[in-house]
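Structure below is input22.cif: mmCIF, C-alpha atoms and all ligand atoms.
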data_work
loop_
_atom_site.label_atom_id
_atom_site.label_comp_id
_atom_site.auth_asym_id
_atom_site.auth_seq_id
_atom_site.Cartn_x
_atom_site.Cartn_y
_atom_site.Cartn_z
CA MET A 2 0.00 0.00 0.00
CA SER A 3 1.33 3.47 -0.79
CA LYS A 4 2.69 5.52 2.07
CA GLN A 5 0.26 7.95 3.61
CA ARG A 6 1.38 11.51 4.20
CA LEU A 7 0.85 13.23 7.54
CA GLY A 8 0.03 16.93 7.44
CA VAL A 9 0.33 18.56 10.84
CA ASN A 10 -2.03 21.44 11.50
CA ILE A 11 -0.33 24.07 13.69
CA ASP A 12 -3.28 26.45 14.13
CA HIS A 13 -3.62 25.79 17.83
CA VAL A 14 -0.03 26.75 18.59
CA ALA A 15 -1.19 30.17 17.41
CA THR A 16 -4.35 29.85 19.53
CA VAL A 17 -2.20 29.49 22.66
CA ARG A 18 0.07 32.36 21.60
CA ASN A 19 -2.90 34.62 20.95
CA ALA A 20 -4.40 33.86 24.37
CA ARG A 21 -1.67 36.13 25.76
CA GLY A 22 -0.66 38.16 22.74
CA GLY A 23 3.05 38.39 22.00
CA ALA A 24 5.19 35.96 20.08
CA VAL A 25 5.25 32.64 21.96
CA PRO A 26 4.66 29.80 21.34
CA ASP A 27 5.81 30.35 17.76
CA PRO A 28 3.86 28.41 15.09
CA LEU A 29 6.88 28.41 12.74
CA ARG A 30 9.05 26.81 15.40
CA ALA A 31 6.34 24.18 15.93
CA ALA A 32 6.15 23.59 12.18
CA GLN A 33 9.91 23.12 11.95
CA LEU A 34 9.84 20.69 14.85
CA ALA A 35 6.98 18.83 13.15
CA GLU A 36 9.11 18.55 9.99
CA GLU A 37 11.94 17.04 12.02
CA ALA A 38 9.49 14.60 13.66
CA GLY A 39 8.27 13.26 10.33
CA ALA A 40 5.46 15.53 9.17
CA ASP A 41 5.21 15.45 5.38
CA GLY A 42 3.47 18.80 5.25
CA ILE A 43 2.22 21.65 7.41
CA THR A 44 -1.39 22.79 7.38
CA ALA A 45 -2.49 26.24 8.50
CA HIS A 46 -5.94 27.84 8.34
CA LEU A 47 -6.00 31.61 7.96
CA ARG A 48 -9.49 32.31 9.24
CA GLU A 49 -11.39 35.39 8.24
CA ASP A 50 -11.36 36.61 11.87
CA ARG A 51 -7.62 35.75 12.31
CA ARG A 52 -8.44 34.00 15.59
CA HIS A 53 -5.29 31.86 15.46
CA ILE A 54 -3.01 31.99 12.40
CA THR A 55 -2.22 35.54 11.21
CA ASP A 56 -1.11 36.94 7.87
CA ALA A 57 2.40 37.34 9.31
CA ASP A 58 2.41 33.64 10.30
CA ILE A 59 1.64 32.68 6.70
CA ASP A 60 4.49 34.93 5.44
CA ARG A 61 6.90 33.27 7.88
CA LEU A 62 5.69 29.72 7.11
CA VAL A 63 6.06 30.26 3.37
CA ALA A 64 9.61 31.59 3.90
CA GLY A 65 10.72 29.12 6.56
CA LEU A 66 9.26 25.70 5.71
CA ARG A 67 11.00 22.94 3.79
CA VAL A 68 7.95 20.68 3.52
CA PRO A 69 4.84 21.73 1.54
CA LEU A 70 2.37 24.19 3.04
CA ASN A 71 -1.31 23.29 2.83
CA PHE A 72 -3.15 26.61 3.10
CA GLU A 73 -6.70 26.17 4.40
CA MET A 74 -9.01 28.97 3.41
CA ALA A 75 -12.62 29.97 2.94
CA ALA A 76 -13.77 30.66 -0.63
CA THR A 77 -13.57 34.45 -0.33
CA ASP A 78 -11.92 37.05 -2.57
CA GLU A 79 -9.61 38.13 0.26
CA MET A 80 -8.30 34.58 0.81
CA GLN A 81 -7.97 33.96 -2.90
CA ALA A 82 -5.76 37.06 -3.24
CA ILE A 83 -3.55 35.89 -0.36
CA ALA A 84 -3.24 32.40 -1.86
CA LEU A 85 -2.38 33.83 -5.27
CA ARG A 86 0.32 35.98 -3.71
CA HIS A 87 1.97 33.05 -1.92
CA LYS A 88 1.17 30.23 -4.37
CA PRO A 89 1.32 27.53 -1.66
CA HIS A 90 1.85 23.92 -2.65
CA ALA A 91 -1.78 23.17 -1.76
CA VAL A 92 -4.95 25.03 -0.89
CA CYS A 93 -7.84 23.39 0.90
CA ILE A 94 -11.16 25.16 0.54
CA VAL A 95 -13.22 24.92 3.73
CA PRO A 96 -16.56 26.33 4.83
CA GLU A 97 -16.24 28.99 7.48
CA LYS A 98 -18.71 30.48 9.91
CA ARG A 99 -17.60 33.14 12.36
CA GLU A 100 -19.59 31.69 15.24
CA GLU A 101 -18.22 28.14 14.96
CA ARG A 102 -15.40 26.92 17.18
CA THR A 103 -13.94 24.77 14.42
CA THR A 104 -14.83 23.73 10.87
CA GLU A 105 -18.04 21.94 11.67
CA GLY A 106 -19.04 20.39 8.37
CA GLY A 107 -17.91 20.01 4.82
CA LEU A 108 -18.35 22.48 2.01
CA ASP A 109 -21.67 22.41 0.14
CA VAL A 110 -20.18 22.16 -3.36
CA LEU A 111 -23.53 21.34 -4.94
CA ARG A 112 -25.10 24.56 -3.73
CA GLU A 113 -22.48 26.83 -5.29
CA GLU A 114 -20.95 24.65 -7.96
CA SER A 115 -20.43 27.27 -10.66
CA ARG A 116 -19.08 29.90 -8.27
CA LEU A 117 -16.59 27.40 -6.81
CA ALA A 118 -15.54 26.25 -10.28
CA ARG A 119 -14.68 29.87 -11.16
CA PHE A 120 -13.11 30.44 -7.75
CA ILE A 121 -10.60 27.58 -7.90
CA GLU A 122 -9.53 28.10 -11.50
CA PRO A 123 -6.91 30.84 -10.85
CA LEU A 124 -5.58 28.89 -7.85
CA ARG A 125 -5.06 25.84 -10.05
CA ASP A 126 -3.50 27.98 -12.77
CA ALA A 127 -1.09 29.39 -10.18
CA GLY A 128 0.12 25.84 -9.51
CA SER A 129 -1.58 25.13 -6.17
CA ARG A 130 -3.13 21.69 -5.75
CA VAL A 131 -6.77 22.42 -4.94
CA SER A 132 -8.50 20.33 -2.30
CA ILE A 133 -12.13 20.56 -1.24
CA PHE A 134 -13.14 19.70 2.33
CA ILE A 135 -16.41 17.79 2.17
CA GLY A 136 -18.55 15.25 3.97
CA ALA A 137 -18.53 11.64 2.76
CA GLN A 138 -21.48 12.12 0.40
CA GLU A 139 -21.57 10.88 -3.16
CA ALA A 140 -23.28 13.96 -4.62
CA GLN A 141 -20.75 16.34 -3.04
CA ILE A 142 -17.81 14.25 -4.25
CA ALA A 143 -19.20 14.13 -7.79
CA ALA A 144 -19.63 17.91 -7.70
CA ALA A 145 -16.04 18.36 -6.49
CA ALA A 146 -14.86 16.32 -9.47
CA ARG A 147 -17.00 18.38 -11.87
CA ILE A 148 -15.56 21.71 -10.70
CA GLY A 149 -12.04 20.45 -11.39
CA ALA A 150 -10.67 19.90 -7.89
CA ALA A 151 -7.61 17.65 -7.72
CA VAL A 152 -8.28 16.45 -4.19
CA VAL A 153 -11.15 15.88 -1.79
CA GLU A 154 -10.49 15.86 1.93
CA LEU A 155 -13.17 13.80 3.65
CA HIS A 156 -14.42 15.23 6.96
CA THR A 157 -13.84 12.70 9.75
CA GLY A 158 -15.38 14.86 12.50
CA ALA A 159 -18.71 13.03 12.78
CA TYR A 160 -16.89 9.67 12.95
CA CYS A 161 -14.61 10.96 15.71
CA ASP A 162 -17.48 12.56 17.66
CA ALA A 163 -19.47 9.31 17.54
CA HIS A 164 -16.40 7.42 18.76
CA ALA A 165 -15.81 9.85 21.62
CA GLU A 166 -19.43 9.65 22.73
CA GLY A 167 -19.52 5.84 22.58
CA ARG A 168 -22.19 5.79 19.88
CA THR A 169 -20.92 2.58 18.31
CA ASP A 170 -23.56 2.21 15.59
CA ALA A 171 -23.14 5.81 14.44
CA CYS A 172 -19.36 5.44 14.53
CA ASP A 173 -19.55 2.30 12.37
CA ALA A 174 -21.95 3.99 9.95
CA GLU A 175 -19.67 7.02 9.58
CA LEU A 176 -16.66 4.78 9.01
CA LYS A 177 -18.58 2.80 6.38
CA ALA A 178 -19.52 6.00 4.56
CA ILE A 179 -15.93 7.28 4.62
CA THR A 180 -14.66 3.90 3.38
CA GLU A 181 -17.12 3.76 0.50
CA MET A 182 -16.74 7.40 -0.44
CA ALA A 183 -12.93 7.21 -0.43
CA ALA A 184 -13.21 4.44 -3.02
CA TYR A 185 -15.81 6.39 -4.99
CA ALA A 186 -13.70 9.59 -5.05
CA HIS A 187 -10.67 7.58 -6.14
CA SER A 188 -12.73 6.01 -8.95
CA LEU A 189 -13.46 9.53 -10.25
CA GLY A 190 -9.75 10.29 -10.42
CA LEU A 191 -9.68 12.45 -7.28
CA GLU A 192 -6.84 12.19 -4.77
CA VAL A 193 -8.35 11.43 -1.37
CA HIS A 194 -7.34 12.97 1.95
CA ALA A 195 -9.08 12.86 5.34
CA GLY A 196 -9.04 14.81 8.55
CA HIS A 197 -10.71 16.50 11.48
CA GLY A 198 -10.80 15.30 15.06
CA LEU A 199 -8.43 12.36 14.53
CA SER A 200 -6.61 10.94 17.55
CA TYR A 201 -4.50 7.88 18.34
CA GLU A 202 -7.73 5.93 18.92
CA THR A 203 -9.59 7.00 15.81
CA VAL A 204 -6.74 7.11 13.30
CA PRO A 205 -6.11 3.38 12.59
CA PRO A 206 -9.24 2.57 10.50
CA ILE A 207 -8.88 5.79 8.51
CA ALA A 208 -5.14 5.32 7.99
CA ALA A 209 -5.85 1.79 6.72
CA LEU A 210 -7.98 2.99 3.79
CA PRO A 211 -5.82 2.37 0.71
CA GLU A 212 -7.19 5.34 -1.28
CA VAL A 213 -6.49 7.87 1.47
CA LEU A 214 -3.10 9.35 0.70
CA GLU A 215 -2.94 12.11 3.30
CA LEU A 216 -4.27 12.83 6.79
CA ASN A 217 -4.36 16.33 8.26
CA ILE A 218 -4.27 16.33 12.05
CA GLY A 219 -3.98 19.25 14.45
CA HIS A 220 -5.91 19.67 17.66
CA PHE A 221 -5.17 16.26 19.17
CA LEU A 222 -1.44 16.48 18.38
CA ILE A 223 -1.03 19.95 19.85
CA GLY A 224 -2.91 18.83 22.97
CA GLU A 225 -0.88 15.63 23.26
CA SER A 226 2.34 17.63 22.92
CA ILE A 227 1.66 19.09 26.39
CA PHE A 228 2.19 15.63 27.81
CA ARG A 229 4.86 14.06 25.61
CA GLY A 230 6.33 16.90 23.56
CA LEU A 231 5.45 17.72 19.96
CA GLY A 232 8.10 15.54 18.31
CA PRO A 233 7.16 12.34 20.20
CA ALA A 234 3.41 13.08 19.79
CA ILE A 235 3.85 13.27 16.01
CA ALA A 236 6.19 10.27 15.89
CA GLU A 237 3.54 8.14 17.65
CA MET A 238 0.87 9.24 15.13
CA ARG A 239 3.26 8.38 12.30
CA ARG A 240 3.88 4.96 13.85
CA LEU A 241 0.15 4.23 14.15
CA MET A 242 -0.49 5.29 10.55
CA ASP A 243 2.34 3.12 9.22
CA ALA A 244 1.19 0.15 11.34
CA ALA A 245 -2.40 0.50 10.05
CA ARG A 246 -1.09 0.31 6.48
CA GLY A 247 1.05 -2.69 7.27
CA ALA A 248 4.20 -0.70 6.57
N1 LIG B 1 -8.57 19.24 7.84
C1 LIG B 1 -9.31 20.36 7.70
C2 LIG B 1 -9.80 20.72 6.35
C3 LIG B 1 -9.58 21.19 8.81
O1 LIG B 1 -10.33 22.30 8.66
C4 LIG B 1 -9.03 20.85 10.06
C5 LIG B 1 -9.26 21.74 11.26
O2 LIG B 1 -8.80 23.00 11.00
C6 LIG B 1 -8.25 19.69 10.15
C7 LIG B 1 -8.05 18.89 9.03
C8 LIG B 1 -7.61 19.26 11.43
O3 LIG B 1 -8.57 18.98 12.38
P1 LIG B 1 -8.13 18.73 13.88
O4 LIG B 1 -7.48 19.99 14.36
O5 LIG B 1 -9.41 18.43 14.58
O6 LIG B 1 -7.17 17.57 13.87
#
Please rewrite the model in this file as structure tokens.
Amino acid sequence: MSKQRLGVNIDHVATVRNARGGAVPDPLRAAQLAEEAGADGITAHLREDRRHITDADIDRLVAGLRVPLNFEMAATDEMQAIALRHKPHAVCIVPEKREERTTEGGLDVLREESRLARFIEPLRDAGSRVSIFIGAQEAQIAAAARIGAAVVELHTGAYCDAHAEGRTDACDAELKAITEMAAYAHSLGLEVHAGHGLSYETVPPIAALPEVLELNIGHFLIGESIFRGLGPAIAEMRRLMDAARGA
């Protein structure tokens, strides 16, 4: 089975920094440590309200990273201009609501298919690999393929929530949907990624899906780093992913 990439999301290093203001902890330093610990890429979400990652963080990440940057962004003109200025390796288009604590669901590609098709075209032309963050639903995946996305990232949040709350049937149903939709997206020629809410407990079945070539994981790893340090926290995630793929 092909190796699965691990993208480490460093947003919540910035959340902790911003709780006090000032410069520490530094998201770039965390990203560089993540690189050393085996991250294949760094993911950062510049939210419209700049609640964690800032414009200056993106400037510094673009200048200071050796691994690819996956720039998560809402489909707004402001974010498109920033992405076109930096031309990151990858952009991941996510839905964004000011009042939400995190990205709660996937993008509704069907609802705004033609606008999104126009929106991603210049990003693709600039050389960024365009990913769409969506739920494991056939109609949304088909729409992502029609608008010309290269990648779909399947939202694993509902699966992880069901696991955390001990709702076994719901957890199994979510996992079944992700499994089937990963195969479906792959059959349409889309590269398949997954992420949101993943932890050491929830990662193995997702990491084992052969079509899923990348996982993006943030909150759990930053939390776990309080207890074991960021490098060891990432190394353990890497180990679990490799073990799930029989590597
Ligand atoms: N993938 C996408 C598209 C996301 O929006 C997020 C959260 O910002 C993640 C992955 C990582 O989720 P978590 O921080 O829960 O691991």
Could you check which of A:Glu225, A:Asp12, A:Glu181, A:Glu37 is closest to ligand LIG 1 (chain B), using only C-alpha atoms and all ligand atoms?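 Ranking A:Glu225, A:Asp12, A:Glu181, A:Glu37 by distance to ligand LIG 1 (chain B), first place goes to A:Asp12.
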Close residues, A:Arg116 itself excluded, 10 Å, all atoms listed in the file, min 6 positions apart in chain, as a list in words: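 In the requested format, the answer is Ala76, Val110 and Ile148 of chain A.
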With ligand LIG 1 (chain B) as the partner and 10 Å as the cut-off, tabulate the residues of chain A that qualify, each row holding the nearest pair of atoms and their distance in Å to one decimal, using all atoms listed in the file, sorted by chain and rising number, as CSV.
residue,atom,partner,partner_atom,distance
A:Gly8,CA,B:LIG1,C7,8.5
A:Val9,CA,B:LIG1,C8,8.0
A:Asn10,CA,B:LIG1,C8,6.0
A:Ile11,CA,B:LIG1,O4,8.3
A:Asp12,CA,B:LIG1,O2,7.2
A:His13,CA,B:LIG1,O4,7.8
A:Thr44,CA,B:LIG1,C7,7.9
A:Ala45,CA,B:LIG1,O2,7.5
A:His46,CA,B:LIG1,O2,6.2
A:Leu47,CA,B:LIG1,O2,9.6
A:Arg48,CA,B:LIG1,O2,9.5
A:Asn71,CA,B:LIG1,C2,9.5
A:Phe72,CA,B:LIG1,C2,9.5
A:Glu73,CA,B:LIG1,C2,6.6
A:Met74,CA,B:LIG1,O1,8.6
A:Ala75,CA,B:LIG1,O1,9.8
A:Val92,CA,B:LIG1,C2,9.7
A:Cys93,CA,B:LIG1,C2,6.4
A:Ile94,CA,B:LIG1,C2,7.4
A:Val95,CA,B:LIG1,C2,6.0
A:Pro96,CA,B:LIG1,O1,8.4
A:Glu97,CA,B:LIG1,O1,9.0
A:Arg102,CA,B:LIG1,O2,9.9
A:Thr103,CA,B:LIG1,C5,6.4
A:Thr104,CA,B:LIG1,O1,5.2
A:Glu105,CA,B:LIG1,O1,8.3
A:Gly106,CA,B:LIG1,O1,8.9
A:Gly107,CA,B:LIG1,C2,8.3
A:Leu108,CA,B:LIG1,C2,9.7
A:Ser132,CA,B:LIG1,C2,8.8
A:Ile133,CA,B:LIG1,C2,7.9
A:Phe134,CA,B:LIG1,C2,5.3
A:Ile135,CA,B:LIG1,C2,8.4
A:Val153,CA,B:LIG1,C2,9.6
A:Glu154,CA,B:LIG1,C2,6.6
A:Leu155,CA,B:LIG1,C2,8.2
A:His156,CA,B:LIG1,N1,7.1
A:Thr157,CA,B:LIG1,C7,8.5
A:Gly158,CA,B:LIG1,O5,7.3
A:Cys161,CA,B:LIG1,O5,9.2
A:His194,CA,B:LIG1,N1,8.7
A:Ala195,CA,B:LIG1,N1,6.9
A:Gly196,CA,B:LIG1,C7,4.2
A:His197,CA,B:LIG1,O3,3.4
A:Gly198,CA,B:LIG1,O5,3.5
A:Leu199,CA,B:LIG1,O6,5.4
A:Ser200,CA,B:LIG1,O6,7.6
A:Leu216,CA,B:LIG1,C7,7.5
A:Asn217,CA,B:LIG1,C7,4.6
A:Ile218,CA,B:LIG1,O6,3.6
A:Gly219,CA,B:LIG1,O4,3.6
A:His220,CA,B:LIG1,O4,3.7
A:Phe221,CA,B:LIG1,O6,5.8
A:Leu222,CA,B:LIG1,O6,7.4
A:Ile223,CA,B:LIG1,O4,8.5
A:Gly224,CA,B:LIG1,O4,9.8
Can you work out the spacing between atom CA of A:Leu85 and atom CA of A:Arg67 in Å, to one decimal?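 Rounded to one decimal, the two atoms are 19.5 Å apart.
Distances to A:Thr77 were evaluated for A:Ile121, A:Ile43, A:Ala57, A:Leu176 using all atoms listed in the file, and the minimum falls at A:Ile121.
Shortest separation to A:Ala174 among A:His187, A:Gly39, A:Glu192, A:Tyr160 occurs at residue A:Tyr160, atoms counted being all atoms listed in the file.
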Pick the closest to A:Arg99 from A:Glu79, A:Asp50, A:Glu202, A:Glu212: which is it, counting all atoms listed in the file?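 Answer, going by the shortest atom-to-atom distance: A:Asp50.
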Expressed in Å to a single decimal, how great is the separation between atom CA of A:Ala84 and atom CA of A:Gly149? 17.6 Å
Measuring between all atoms listed in the file, which one of A:Ala151, A:Ala209, A:Leu231, A:Val131 shows the shortest distance to A:Leu189?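 Of the candidates, the smallest distance to A:Leu189 is held by A:Ala151.
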Distance of atom CA of A:Val204 from atom CA of A:Glu166, expressed in Å to one decimal place: 16.0 Å
In terms of all atoms listed in the file, the residue from A:Pro233, A:Met182, A:Glu113, A:Leu124 at minimal distance from A:Met80 is A:Leu124
Can you tell me, as a ChimeraX atom specification, what residues are no more than 7 Å from A:Ile142 when counting only C-alpha atoms, ignoring any on the same chain fewer than 4 positions away? /A:138,146,186
